[in-house]
file my_file-v9.csv (CSV, C-alpha atoms (C1' of nucleotides))
chain,number,residue,atom,x,y,z
A,1,MET,CA,84.1,-25.2,2.4
A,2,VAL,CA,83.0,-28.5,3.8
A,3,ARG,CA,80.2,-30.3,1.9
A,4,ILE,CA,77.5,-31.3,4.3
A,5,ARG,CA,74.5,-30.9,2.0
A,6,THR,CA,74.0,-34.6,1.6
A,7,ARG,CA,74.3,-35.3,5.3
A,8,ASP,CA,71.8,-32.6,6.1
A,9,GLU,CA,69.4,-33.9,3.4
A,10,ILE,CA,69.7,-37.4,4.9
A,11,LEU,CA,68.7,-36.1,8.3
A,12,ARG,CA,65.8,-34.1,6.9
A,13,VAL,CA,64.4,-37.0,5.0
A,14,ALA,CA,65.0,-39.4,7.9
A,15,ALA,CA,63.1,-37.1,10.2
A,16,GLU,CA,60.2,-37.0,7.7
A,17,LEU,CA,60.0,-40.8,7.2
A,18,PHE,CA,60.6,-41.6,10.9
A,19,THR,CA,57.6,-39.4,11.7
A,20,ARG,CA,55.4,-41.0,9.1
A,21,TYR,CA,56.4,-44.7,9.5
A,22,GLY,CA,58.3,-44.9,12.8
A,23,PHE,CA,62.0,-45.8,13.2
A,24,LYS,CA,61.6,-49.6,12.8
A,25,GLY,CA,59.1,-49.0,9.9
A,26,THR,CA,61.7,-47.0,7.9
A,27,SER,CA,64.5,-48.8,6.2
A,28,LEU,CA,67.8,-47.4,5.0
A,29,HIS,CA,66.6,-48.2,1.5
A,30,ASP,CA,63.5,-46.0,2.0
A,31,ILE,CA,65.7,-43.1,3.2
A,32,ALA,CA,68.2,-43.5,0.4
A,33,ALA,CA,65.5,-43.6,-2.3
A,34,GLU,CA,63.9,-40.4,-1.0
A,35,VAL,CA,67.2,-38.6,-0.7
A,36,GLY,CA,68.1,-39.8,-4.2
A,37,CYS,CA,71.4,-41.5,-3.2
A,38,SER,CA,72.5,-45.0,-2.5
A,39,LYS,CA,72.2,-46.9,0.7
A,40,ALA,CA,75.9,-47.1,0.9
A,41,THR,CA,76.1,-43.3,1.0
A,42,LEU,CA,73.9,-43.2,4.1
A,43,LEU,CA,76.4,-45.5,5.8
A,44,TYR,CA,79.3,-43.4,4.6
A,45,HIS,CA,77.8,-40.4,6.5
A,46,PHE,CA,76.5,-42.4,9.5
A,47,ALA,CA,78.2,-45.5,10.9
A,48,HIS,CA,74.9,-47.3,11.7
A,49,LYS,CA,71.2,-46.7,11.3
A,50,ASP,CA,71.0,-45.8,15.0
A,51,ALA,CA,73.5,-43.0,14.5
A,52,ILE,CA,70.9,-41.2,12.3
A,53,LEU,CA,68.4,-41.4,15.1
A,54,LEU,CA,70.9,-40.2,17.7
A,55,ALA,CA,72.0,-37.2,15.6
A,56,LEU,CA,68.3,-36.3,15.2
A,57,VAL,CA,67.6,-36.5,18.9
A,58,GLU,CA,70.7,-35.0,20.2
A,59,PRO,CA,69.6,-31.3,20.5
A,60,ALA,CA,66.5,-32.4,22.5
A,61,ARG,CA,68.5,-34.6,24.8
A,62,GLN,CA,70.9,-31.7,25.5
A,63,SER,CA,68.0,-29.4,26.3
A,64,LEU,CA,66.6,-32.0,28.7
A,65,ILE,CA,69.9,-32.2,30.5
A,66,ASP,CA,70.0,-28.4,30.8
A,67,LEU,CA,66.4,-28.3,32.1
A,68,VAL,CA,67.2,-30.9,34.8
A,69,ALA,CA,70.3,-29.1,35.8
A,70,ARG,CA,68.4,-25.8,36.1
A,71,LEU,CA,65.7,-27.5,38.2
A,72,ALA,CA,68.3,-28.8,40.6
A,73,GLY,CA,69.0,-25.2,41.6
A,74,VAL,CA,65.4,-24.3,42.4
A,75,ASP,CA,64.1,-24.7,45.9
A,76,ASP,CA,61.2,-27.0,46.9
A,77,ARG,CA,58.6,-24.3,46.9
A,78,GLY,CA,59.2,-23.2,43.3
A,79,VAL,CA,60.3,-26.5,41.7
A,80,ARG,CA,56.8,-27.6,40.6
A,81,GLU,CA,56.1,-24.4,38.6
A,82,ALA,CA,59.5,-24.4,37.1
A,83,ALA,CA,59.3,-28.0,36.1
A,84,ILE,CA,55.9,-27.6,34.6
A,85,ASP,CA,56.8,-24.5,32.6
A,86,GLY,CA,60.2,-25.9,31.6
A,87,PHE,CA,58.9,-29.2,30.5
A,88,ILE,CA,56.1,-27.8,28.5
A,89,ASP,CA,58.4,-25.4,26.8
A,90,LEU,CA,60.8,-28.3,26.0
A,91,VAL,CA,58.3,-30.7,24.5
A,92,LEU,CA,56.7,-28.0,22.4
A,93,ARG,CA,60.0,-26.9,21.0
A,94,TYR,CA,61.1,-30.5,20.3
A,95,ARG,CA,57.8,-32.1,19.3
A,96,PHE,CA,59.2,-34.3,16.6
A,97,GLU,CA,62.1,-35.4,18.7
A,98,VAL,CA,59.8,-36.3,21.6
A,99,ALA,CA,57.7,-38.4,19.2
A,100,LEU,CA,60.8,-40.1,18.0
A,101,ILE,CA,62.0,-41.0,21.5
A,102,TYR,CA,58.6,-42.4,22.4
A,103,ASP,CA,58.6,-44.4,19.2
A,104,VAL,CA,61.9,-46.2,20.0
A,105,THR,CA,61.2,-46.6,23.7
A,106,PRO,CA,61.8,-49.0,25.4
A,107,GLN,CA,64.1,-50.9,22.9
A,108,PHE,CA,66.6,-48.1,23.0
A,109,LEU,CA,66.4,-47.4,26.7
A,110,GLN,CA,69.3,-49.7,27.3
A,111,GLU,CA,71.5,-48.0,24.7
A,112,PRO,CA,74.4,-46.2,26.3
A,113,ALA,CA,73.4,-42.9,24.7
A,114,PHE,CA,69.9,-43.4,26.1
A,115,ASN,CA,70.3,-44.7,29.6
A,116,ARG,CA,70.7,-41.3,31.1
A,117,VAL,CA,67.2,-40.5,29.7
A,118,ARG,CA,65.6,-42.6,32.3
A,119,GLU,CA,67.4,-40.9,35.1
A,120,LEU,CA,66.6,-37.5,33.6
A,121,THR,CA,62.9,-38.3,33.4
A,122,ASP,CA,63.0,-39.5,37.0
A,123,ALA,CA,64.4,-36.1,37.9
A,124,LEU,CA,61.5,-34.5,36.0
A,125,VAL,CA,59.0,-36.7,37.9
A,126,ALA,CA,60.5,-35.5,41.2
A,127,GLY,CA,60.2,-31.9,40.0
A,128,PHE,CA,56.6,-32.3,39.0
A,129,ALA,CA,55.9,-33.9,42.4
A,130,GLY,CA,57.6,-31.0,44.2
A,131,ARG,CA,60.2,-33.5,45.5
A,132,SER,CA,57.5,-35.1,47.6
A,133,ALA,CA,58.0,-38.7,48.7
A,134,ASP,CA,54.3,-39.4,48.8
A,135,PRO,CA,53.5,-42.1,46.1
A,136,ALA,CA,50.3,-40.4,45.2
A,137,ASP,CA,52.2,-37.2,44.4
A,138,GLN,CA,54.6,-39.2,42.2
A,139,THR,CA,51.7,-40.9,40.5
A,140,ALA,CA,50.1,-37.6,39.7
A,141,ALA,CA,53.4,-36.3,38.4
A,142,LYS,CA,53.9,-39.3,36.1
A,143,VAL,CA,50.3,-39.0,34.7
A,144,LEU,CA,50.9,-35.4,33.8
A,145,LEU,CA,54.3,-35.9,32.4
A,146,ALA,CA,53.3,-38.7,30.1
A,147,GLY,CA,50.0,-37.1,29.3
A,148,ILE,CA,51.5,-33.8,28.2
A,149,ALA,CA,54.1,-35.6,26.1
A,150,ALA,CA,51.4,-37.8,24.4
A,151,VAL,CA,49.2,-34.8,23.6
A,152,VAL,CA,52.1,-32.8,22.2
A,153,ILE,CA,52.9,-35.8,19.9
A,154,ASP,CA,49.4,-36.5,18.8
A,155,ASP,CA,47.7,-33.1,18.7
A,156,LYS,CA,48.4,-31.1,15.6
A,157,ARG,CA,47.4,-27.7,17.0
A,158,ASP,CA,49.8,-24.8,17.1
A,159,GLU,CA,51.9,-24.5,20.3
A,160,VAL,CA,50.3,-21.1,20.9
A,161,GLU,CA,47.0,-22.8,21.3
A,162,LEU,CA,48.3,-25.7,23.1
A,163,ARG,CA,50.6,-24.2,25.7
A,164,PRO,CA,48.0,-22.4,27.9
A,165,ALA,CA,45.8,-25.4,28.0
A,166,LEU,CA,48.6,-27.7,29.0
A,167,VAL,CA,49.9,-25.3,31.7
A,168,ALA,CA,46.4,-24.9,33.0
A,169,VAL,CA,45.7,-28.7,33.4
A,170,ALA,CA,49.1,-29.3,34.9
A,171,ARG,CA,48.7,-26.6,37.5
A,172,ARG,CA,45.2,-27.7,38.4
A,173,ALA,CA,46.4,-31.3,38.9
A,174,LEU,CA,49.7,-30.6,40.6
A,175,LEU,CA,49.3,-27.3,42.4
A,176,PRO,CA,46.0,-27.7,44.2
A,177,GLY,CA,44.6,-24.6,45.7
A,178,LYS,CA,47.0,-22.3,43.8
A,179,ASP,CA,44.9,-21.6,40.8
B,1,MET,CA,36.6,-82.8,23.9
B,2,VAL,CA,38.2,-80.2,21.7
B,3,ARG,CA,41.9,-79.7,21.9
B,4,ILE,CA,42.7,-76.1,22.5
B,5,ARG,CA,45.7,-76.6,24.8
B,6,THR,CA,48.2,-75.7,22.2
B,7,ARG,CA,46.2,-72.7,21.0
B,8,ASP,CA,46.0,-71.4,24.6
B,9,GLU,CA,49.6,-72.0,25.2
B,10,ILE,CA,50.5,-70.0,22.1
B,11,LEU,CA,48.5,-67.1,23.4
B,12,ARG,CA,50.0,-67.3,26.8
B,13,VAL,CA,53.6,-67.4,25.5
B,14,ALA,CA,52.9,-64.7,22.9
B,15,ALA,CA,51.5,-62.4,25.6
B,16,GLU,CA,54.6,-63.0,27.7
B,17,LEU,CA,57.0,-62.3,24.8
B,18,PHE,CA,55.1,-59.3,23.4
B,19,THR,CA,55.2,-57.8,26.9
B,20,ARG,CA,59.0,-58.3,27.1
B,21,TYR,CA,60.1,-57.5,23.6
B,22,GLY,CA,57.2,-55.8,21.9
B,23,PHE,CA,55.1,-57.1,19.0
B,24,LYS,CA,57.6,-56.3,16.3
B,25,GLY,CA,60.4,-57.5,18.5
B,26,THR,CA,58.9,-60.9,18.8
B,27,SER,CA,59.1,-63.3,15.9
B,28,LEU,CA,57.0,-66.3,15.2
B,29,HIS,CA,60.1,-68.4,15.6
B,30,ASP,CA,60.6,-67.0,19.1
B,31,ILE,CA,57.0,-67.9,20.1
B,32,ALA,CA,57.3,-71.4,18.6
B,33,ALA,CA,60.5,-72.1,20.4
B,34,GLU,CA,59.1,-71.1,23.7
B,35,VAL,CA,55.9,-73.0,23.2
B,36,GLY,CA,57.9,-76.0,22.0
B,37,CYS,CA,56.2,-76.5,18.7
B,38,SER,CA,57.0,-75.6,15.1
B,39,LYS,CA,56.4,-72.2,13.5
B,40,ALA,CA,54.0,-74.0,11.1
B,41,THR,CA,51.9,-75.0,14.0
B,42,LEU,CA,51.4,-71.4,15.0
B,43,LEU,CA,50.2,-70.6,11.5
B,44,TYR,CA,47.9,-73.6,11.7
B,45,HIS,CA,46.1,-72.1,14.7
B,46,PHE,CA,46.4,-68.4,13.6
B,47,ALA,CA,46.2,-67.4,10.0
B,48,HIS,CA,48.7,-64.5,10.4
B,49,LYS,CA,50.9,-63.1,13.1
B,50,ASP,CA,48.4,-60.2,13.5
B,51,ALA,CA,45.7,-62.7,14.3
B,52,ILE,CA,47.5,-63.6,17.5
B,53,LEU,CA,47.6,-60.0,18.5
B,54,LEU,CA,44.0,-59.5,17.7
B,55,ALA,CA,43.0,-62.5,19.8
B,56,LEU,CA,45.0,-61.2,22.7
B,57,VAL,CA,43.4,-57.8,22.6
B,58,GLU,CA,39.9,-58.8,21.8
B,59,PRO,CA,38.5,-58.9,25.4
B,60,ALA,CA,39.9,-55.4,26.2
B,61,ARG,CA,38.4,-54.1,23.0
B,62,GLN,CA,35.0,-55.5,23.8
B,63,SER,CA,35.2,-53.9,27.3
B,64,LEU,CA,36.0,-50.6,25.8
B,65,ILE,CA,33.0,-50.8,23.5
B,66,ASP,CA,30.8,-51.6,26.5
B,67,LEU,CA,32.2,-48.7,28.5
B,68,VAL,CA,31.6,-46.2,25.7
B,69,ALA,CA,28.0,-47.6,25.2
B,70,ARG,CA,27.4,-47.2,28.9
B,71,LEU,CA,28.7,-43.6,28.9
B,72,ALA,CA,26.3,-42.7,26.1
B,73,GLY,CA,23.4,-43.2,28.5
B,74,VAL,CA,24.8,-41.0,31.3
B,75,ASP,CA,23.8,-37.3,31.3
B,76,ASP,CA,26.2,-34.4,31.0
B,77,ARG,CA,26.5,-33.8,34.7
B,78,GLY,CA,27.6,-37.3,35.6
B,79,VAL,CA,29.5,-38.2,32.5
B,80,ARG,CA,32.9,-37.0,33.7
B,81,GLU,CA,32.9,-39.1,36.9
B,82,ALA,CA,31.5,-42.1,35.1
B,83,ALA,CA,34.2,-41.8,32.4
B,84,ILE,CA,37.0,-41.4,34.9
B,85,ASP,CA,35.9,-44.4,37.1
B,86,GLY,CA,35.1,-46.6,34.1
B,87,PHE,CA,38.3,-45.9,32.3
B,88,ILE,CA,40.6,-46.4,35.3
B,89,ASP,CA,38.8,-49.7,36.0
B,90,LEU,CA,39.2,-50.8,32.4
B,91,VAL,CA,42.9,-50.0,32.1
B,92,LEU,CA,43.7,-51.6,35.4
B,93,ARG,CA,41.9,-54.8,34.5
B,94,TYR,CA,43.6,-54.9,31.1
B,95,ARG,CA,47.0,-53.6,31.8
B,96,PHE,CA,48.8,-56.0,29.5
B,97,GLU,CA,46.4,-55.4,26.6
B,98,VAL,CA,46.6,-51.7,27.0
B,99,ALA,CA,50.4,-51.9,26.8
B,100,LEU,CA,50.1,-54.1,23.7
B,101,ILE,CA,47.8,-51.7,21.9
B,102,TYR,CA,50.2,-48.8,22.7
B,103,ASP,CA,53.1,-50.8,21.4
B,104,VAL,CA,51.5,-51.4,18.0
B,105,THR,CA,50.0,-47.9,17.6
B,106,PRO,CA,50.0,-46.2,15.2
B,107,GLN,CA,51.0,-48.9,12.7
B,108,PHE,CA,47.8,-50.9,13.4
B,109,LEU,CA,45.4,-48.0,13.7
B,110,GLN,CA,44.4,-48.3,10.1
B,111,GLU,CA,43.8,-52.1,10.4
B,112,PRO,CA,40.0,-52.8,10.0
B,113,ALA,CA,39.8,-54.4,13.4
B,114,PHE,CA,41.4,-51.3,14.9
B,115,ASN,CA,39.8,-48.4,13.2
B,116,ARG,CA,36.9,-48.3,15.6
B,117,VAL,CA,39.5,-47.8,18.4
B,118,ARG,CA,40.2,-44.3,17.4
B,119,GLU,CA,36.5,-43.5,17.4
B,120,LEU,CA,36.1,-45.1,20.8
B,121,THR,CA,38.9,-43.1,22.3
B,122,ASP,CA,37.4,-40.0,20.9
B,123,ALA,CA,34.2,-40.9,22.7
B,124,LEU,CA,36.3,-41.3,25.9
B,125,VAL,CA,37.9,-37.9,25.4
B,126,ALA,CA,34.4,-36.4,25.1
B,127,GLY,CA,33.4,-38.2,28.3
B,128,PHE,CA,36.5,-36.9,30.2
B,129,ALA,CA,35.8,-33.4,28.9
B,130,GLY,CA,32.2,-33.6,30.1
B,131,ARG,CA,31.1,-33.2,26.5
B,132,SER,CA,32.5,-29.7,26.5
B,133,ALA,CA,33.3,-28.1,23.2
B,134,ASP,CA,36.0,-26.0,24.8
B,135,PRO,CA,39.4,-27.0,23.3
B,136,ALA,CA,41.1,-26.5,26.7
B,137,ASP,CA,38.7,-29.0,28.2
B,138,GLN,CA,39.5,-31.5,25.5
B,139,THR,CA,43.2,-30.9,25.9
B,140,ALA,CA,42.9,-31.6,29.6
B,141,ALA,CA,40.9,-34.7,28.8
B,142,LYS,CA,43.5,-36.0,26.4
B,143,VAL,CA,46.4,-35.4,28.9
B,144,LEU,CA,44.7,-37.3,31.6
B,145,LEU,CA,43.6,-40.2,29.3
B,146,ALA,CA,47.0,-40.7,27.9
B,147,GLY,CA,48.8,-40.1,31.2
B,148,ILE,CA,46.7,-42.6,33.1
B,149,ALA,CA,47.2,-45.2,30.4
B,150,ALA,CA,51.0,-44.6,30.3
B,151,VAL,CA,51.3,-44.9,34.1
B,152,VAL,CA,49.3,-48.1,34.2
B,153,ILE,CA,51.6,-49.6,31.6
B,154,ASP,CA,54.8,-48.4,33.2
B,155,ASP,CA,54.2,-48.5,36.9
B,156,LYS,CA,54.5,-52.0,38.4
B,157,ARG,CA,52.6,-51.2,41.6
B,158,ASP,CA,49.4,-53.1,42.5
B,159,GLU,CA,46.1,-51.7,41.3
B,160,VAL,CA,45.0,-51.3,44.9
B,161,GLU,CA,47.7,-48.8,45.4
B,162,LEU,CA,47.4,-47.2,42.0
B,163,ARG,CA,43.6,-46.7,41.6
B,164,PRO,CA,43.1,-44.1,44.4
B,165,ALA,CA,46.0,-42.0,43.2
B,166,LEU,CA,44.8,-42.1,39.6
B,167,VAL,CA,41.2,-41.3,40.5
B,168,ALA,CA,42.5,-38.4,42.7
B,169,VAL,CA,44.6,-36.8,40.1
B,170,ALA,CA,41.9,-37.2,37.4
B,171,ARG,CA,39.3,-35.6,39.6
B,172,ARG,CA,41.6,-32.7,40.6
B,173,ALA,CA,42.4,-32.0,37.0
B,174,LEU,CA,39.0,-32.5,35.4
B,175,LEU,CA,36.4,-31.7,38.1
B,176,PRO,CA,37.8,-28.5,39.5
B,177,GLY,CA,36.0,-27.4,42.7
B,178,LYS,CA,34.5,-30.7,43.3
B,179,ASP,CA,37.2,-32.3,45.4
C,1,DT,C1',38.4,-101.5,12.4
C,2,DC,C1',38.6,-98.0,9.6
C,3,DA,C1',37.7,-93.6,7.3
C,4,DG,C1',38.1,-88.9,7.8
C,5,DA,C1',39.0,-84.9,10.3
C,6,DA,C1',42.1,-82.4,13.2
C,7,DT,C1',46.7,-81.5,14.5
C,8,DC,C1',51.4,-81.0,13.6
C,9,DT,C1',56.0,-80.7,11.1
C,10,DG,C1',60.5,-80.1,8.2
C,11,DA,C1',61.8,-78.2,4.3
C,12,DC,C1',61.4,-74.6,1.6
C,13,DC,C1',60.4,-69.7,-0.4
C,14,DG,C1',60.8,-64.8,-1.6
C,15,DA,C1',61.5,-60.6,0.4
C,16,DG,C1',63.5,-57.3,3.1
C,17,DC,C1',66.8,-56.0,6.4
C,18,DG,C1',71.4,-53.7,8.1
C,19,DG,C1',75.8,-53.6,6.8
C,20,DT,C1',80.5,-54.4,3.9
C,21,DC,C1',83.7,-53.6,0.3
C,22,DA,C1',86.5,-52.5,-3.7
C,23,DG,C1',86.8,-49.2,-6.6
C,24,DG,C1',85.0,-45.0,-9.5
C,25,DA,C1',84.3,-39.9,-9.7
C,26,DA,C1',84.9,-35.3,-8.1
C,27,DC,C1',87.5,-32.0,-6.0
C,28,DA,C1',91.3,-29.6,-3.7
C,29,DA,C1',96.2,-28.5,-2.9
C,30,DT,C1',100.8,-28.7,-4.8
D,1,DA,C1',99.5,-32.7,-14.4
D,2,DT,C1',99.7,-35.3,-10.2
D,3,DT,C1',98.5,-36.7,-5.9
D,4,DG,C1',95.8,-37.4,-1.9
D,5,DT,C1',91.2,-36.8,0.1
D,6,DT,C1',86.4,-36.6,0.2
D,7,DC,C1',82.3,-38.3,-1.5
D,8,DC,C1',79.7,-41.7,-3.6
D,9,DT,C1',78.2,-46.3,-5.7
D,10,DG,C1',76.8,-51.2,-7.4
D,11,DA,C1',77.3,-55.6,-6.2
D,12,DC,C1',77.2,-58.5,-2.7
D,13,DC,C1',76.7,-60.9,2.1
D,14,DG,C1',74.5,-63.2,5.9
D,15,DC,C1',70.6,-63.2,8.3
D,16,DT,C1',65.8,-63.0,9.8
D,17,DC,C1',61.4,-62.5,8.7
D,18,DG,C1',56.3,-64.1,7.8
D,19,DG,C1',54.3,-67.4,5.3
D,20,DT,C1',53.4,-72.0,2.3
D,21,DC,C1',52.9,-76.8,1.4
D,22,DA,C1',52.9,-81.7,1.0
D,23,DG,C1',52.7,-85.1,3.9
D,24,DA,C1',53.2,-87.6,8.5
D,25,DT,C1',50.8,-88.4,12.9
D,26,DT,C1',47.1,-88.5,16.2
D,27,DC,C1',42.5,-88.3,17.5
D,28,DT,C1',37.5,-89.4,17.0
D,29,DG,C1',33.1,-91.2,15.9
D,30,DA,C1',30.5,-94.8,13.4

call {"tool": "encode", "arguments": {"input": "my_file-v9.csv", "output": "structure tokens"}}
result
Amino acid sequence: MVRIRTRDEILRVAAELFTRYGFKGTSLHDIAAEVGCSKATLLYHFAHKDAILLALVEPARQSLIDLVARLAGVDDRGVREAAIDGFIDLVLRYRFEVALIYDVTPQFLQEPAFNRVRELTDALVAGFAGRSADPADQTAAKVLLAGIAAVVIDDKRDEVELRPALVAVARRALLPGKD
Amino acid sequence: MVRIRTRDEILRVAAELFTRYGFKGTSLHDIAAEVGCSKATLLYHFAHKDAILLALVEPARQSLIDLVARLAGVDDRGVREAAIDGFIDLVLRYRFEVALIYDVTPQFLQEPAFNRVRELTDALVAGFAGRSADPADQTAAKVLLAGIAAVVIDDKRDEVELRPALVAVARRALLPGKD
DNA sequence: TCAGAATCTGACCGAGCGGTCAGGAACAAT
DNA sequence: ATTGTTCCTGACCGCTCGGTCAGATTCTGA
């Protein structure tokens, strides 16, 4: 049986502290103190501080890749609804991870592991805009995308309460005449 | 004649570097080097690093206070349109300052000079929601507020291009049936 | 001309940071 | 019991950070 208890505990505590104080605002010393181990132990389990963040964010990143791939197979008529529903599901499932990514943007955007994120969000914008080339449609798409993410990060309400309101405002703004 | 050239130059350079690297990502040494003076000179003109940020953000903060005061005098029927137009004007005029505030949130939200900001944005949310108590209306208001701010920060297009698209999406989302 | 105020600086400080390293302790397989 | 591996640690390193301070320099008004 492999021992991963400490490693998991590090991730749990790091998530908690990153949420409370941000990535830059949390030091390895802080995490180690809360876990009850030494700083050197953190760096035994994770090569760098960044590696902790990457491990934390990985599941969300994978889900985003999946979503974008799924949207690529949807035709222009249905892509807006699929993008709206898919994105809102995603950010509600990964609220903490979304907050974390926003916290470290844009410093980490040039990191190898992160540079596909930009391209992925561009694909989402295209989905929200129904693949329209009209700048106004793309602006609307960006407003909704960023706004929904911000609310999910900031608003502490349950996703059951939040989801219908988010879907409603997105449809009103992006699917005029369909509501 | 009072010499304020150095002070102004510090603010100009600080604005530039904060934009490029963020507040935490810019050191006093960086600013001093770019200005061509010593770090001690910065701290002669500004008591702390935070004071530079506060000086930079002050005009935008004052405008926000003015806007909220103005909205208080508008009746429930007209408050949504007034809030939308007023807010979009504000963030387009103070794009850099808005980006800066977002950069240092939430670390600075508890700072004395910043704690009214929360209360001010709450007032804006109420305006966007037409003073409705319905949680769904407030969610929609938050989505648009945050989304517009994010786009203004991120999108490099001219405000002449941006404004109509922002106003349009806000009206569509918040004033259903009026467009 | 000269005193005093405003402006500026190099040297320095203590603290915190991410990260390294040699080696101790615990555990597993033989 | 011995060996090799995994897990863990204290001490330490180099660096950057915001901030201080005594004193030099420059400006200004009487």

call {"tool": "interface_residues", "arguments": {"input": "my_file-v9.csv", "of": "chain B", "to": "chain A", "cutoff": "7 Å", "atoms": "all atoms listed in the file", "output": "ChimeraX atom specification"}}
result
/B:136,139-140,142-144,146-148,150-151,165-166,169,172-173

call {"tool": "write_last_selection", "arguments": {"input": "my_file-v9.csv", "atoms": "C-alpha atoms", "output": "tab-separated table (two decimals), in the frame of the given file"}}
result
chain	number	residue	atom	x	y	z
B	136	ALA	CA	41.10	-26.50	26.70
B	139	THR	CA	43.20	-30.90	25.90
B	140	ALA	CA	42.90	-31.60	29.60
B	142	LYS	CA	43.50	-36.00	26.40
B	143	VAL	CA	46.40	-35.40	28.90
B	144	LEU	CA	44.70	-37.30	31.60
B	146	ALA	CA	47.00	-40.70	27.90
B	147	GLY	CA	48.80	-40.10	31.20
B	148	ILE	CA	46.70	-42.60	33.10
B	150	ALA	CA	51.00	-44.60	30.30
B	151	VAL	CA	51.30	-44.90	34.10
B	165	ALA	CA	46.00	-42.00	43.20
B	166	LEU	CA	44.80	-42.10	39.60
B	169	VAL	CA	44.60	-36.80	40.10
B	172	ARG	CA	41.60	-32.70	40.60
B	173	ALA	CA	42.40	-32.00	37.00

call {"tool": "residues_around", "arguments": {"input": "my_file-v9.csv", "residues": "Val35 of chain B", "least_positions_apart": "6", "cutoff": "10 Å", "atoms": "only C-alpha atoms (C1' of nucleotides)", "output": "MDAnalysis selection string"}}
result
chainID B and resid 6:7 9:14 29 42

call {"tool": "write_last_selection", "arguments": {"input": "my_file-v9.csv", "atoms": "C-alpha atoms", "output": "PDB file, keeping the file's coordinate frame"}}
result
ATOM      1  CA  THR B   6      48.200 -75.700  22.200  1.00  0.00           C
ATOM      2  CA  ARG B   7      46.200 -72.700  21.000  1.00  0.00           C
ATOM      3  CA  GLU B   9      49.600 -72.000  25.200  1.00  0.00           C
ATOM      4  CA  ILE B  10      50.500 -70.000  22.100  1.00  0.00           C
ATOM      5  CA  LEU B  11      48.500 -67.100  23.400  1.00  0.00           C
ATOM      6  CA  ARG B  12      50.000 -67.300  26.800  1.00  0.00           C
ATOM      7  CA  VAL B  13      53.600 -67.400  25.500  1.00  0.00           C
ATOM      8  CA  ALA B  14      52.900 -64.700  22.900  1.00  0.00           C
ATOM      9  CA  HIS B  29      60.100 -68.400  15.600  1.00  0.00           C
ATOM     10  CA  LEU B  42      51.400 -71.400  15.000  1.00  0.00           C
TER      11      LEU B  42
END

call {"tool": "residues_near_point", "arguments": {"input": "my_file-v9.csv", "point": "(57.4, -76.1, 6.3)", "cutoff": "10 Å", "atoms": "only C-alpha atoms (C1' of nucleotides)", "output": "list in words"}}
result
Ser38, Lys39, Ala40 and Thr41 of chain B; DT9, DG10, DA11, DC12 and DC13 of chain C; DG19, DT20, DC21 and DA22 of chain D

call {"tool": "interface_residues", "arguments": {"input": "my_file-v9.csv", "of": "chain A", "to": "chain C", "cutoff": "9 Å", "atoms": "all atoms listed in the file", "output": "list in words"}}
result
Ser27, Leu28, Ala40, Leu43, His48 and Lys49 of chain A

call {"tool": "interface_residues", "arguments": {"input": "my_file-v9.csv", "of": "chain D", "to": "chain B", "cutoff": "10 Å", "atoms": "all atoms listed in the file", "output": "PyMOL selection string"}}
result
chain D and resi 16-20+27-28

call {"tool": "atom_distance", "arguments": {"input": "my_file-v9.csv", "atom1": "atom CA of Val79 of chain B", "atom2": "atom CA of Asp134 of chain B"}}
result
15.8 Å

call {"tool": "atom_distance", "arguments": {"input": "my_file-v9.csv", "atom1": "atom CA of Ala69 of chain A", "atom2": "atom CA of Ala55 of chain A"}}
result
21.8 Å

call {"tool": "atom_distance", "arguments": {"input": "my_file-v9.csv", "atom1": "atom CA of Val57 of chain A", "atom2": "atom CA of Phe114 of chain A"}}
result
10.2 Å

call {"tool": "closest_residue", "arguments": {"input": "my_file-v9.csv", "among": "B:Leu56, B:Ala32, B:Leu17, B:Val160", "to": "Ile101 of chain B", "atoms": "only C-alpha atoms"}}
result
B:Leu56

call {"tool": "closest_residue", "arguments": {"input": "my_file-v9.csv", "among": "A:Asp66, A:Ala123, A:Cys37, A:Arg5", "to": "DT9 of chain D", "atoms": "only C-alpha atoms (C1' of nucleotides)"}}
result
A:Cys37

call {"tool": "residues_around", "arguments": {"input": "my_file-v9.csv", "residues": "Ile153 of chain B", "least_positions_apart": "3", "cutoff": "10 Å", "atoms": "all atoms listed in the file", "output": "list in words"}}
result
Val91, Leu92, Tyr94, Arg95, Phe96, Glu97, Val98, Ala99, Leu100, Tyr102, Gly147, Ile148, Ala149, Ala150 and Lys156 of chain B

call {"tool": "closest_residue", "arguments": {"input": "my_file-v9.csv", "among": "A:His45, A:Asp30, A:Leu64, A:Leu71", "to": "DC8 of chain D", "atoms": "only C-alpha atoms (C1' of nucleotides)"}}
result
A:His45
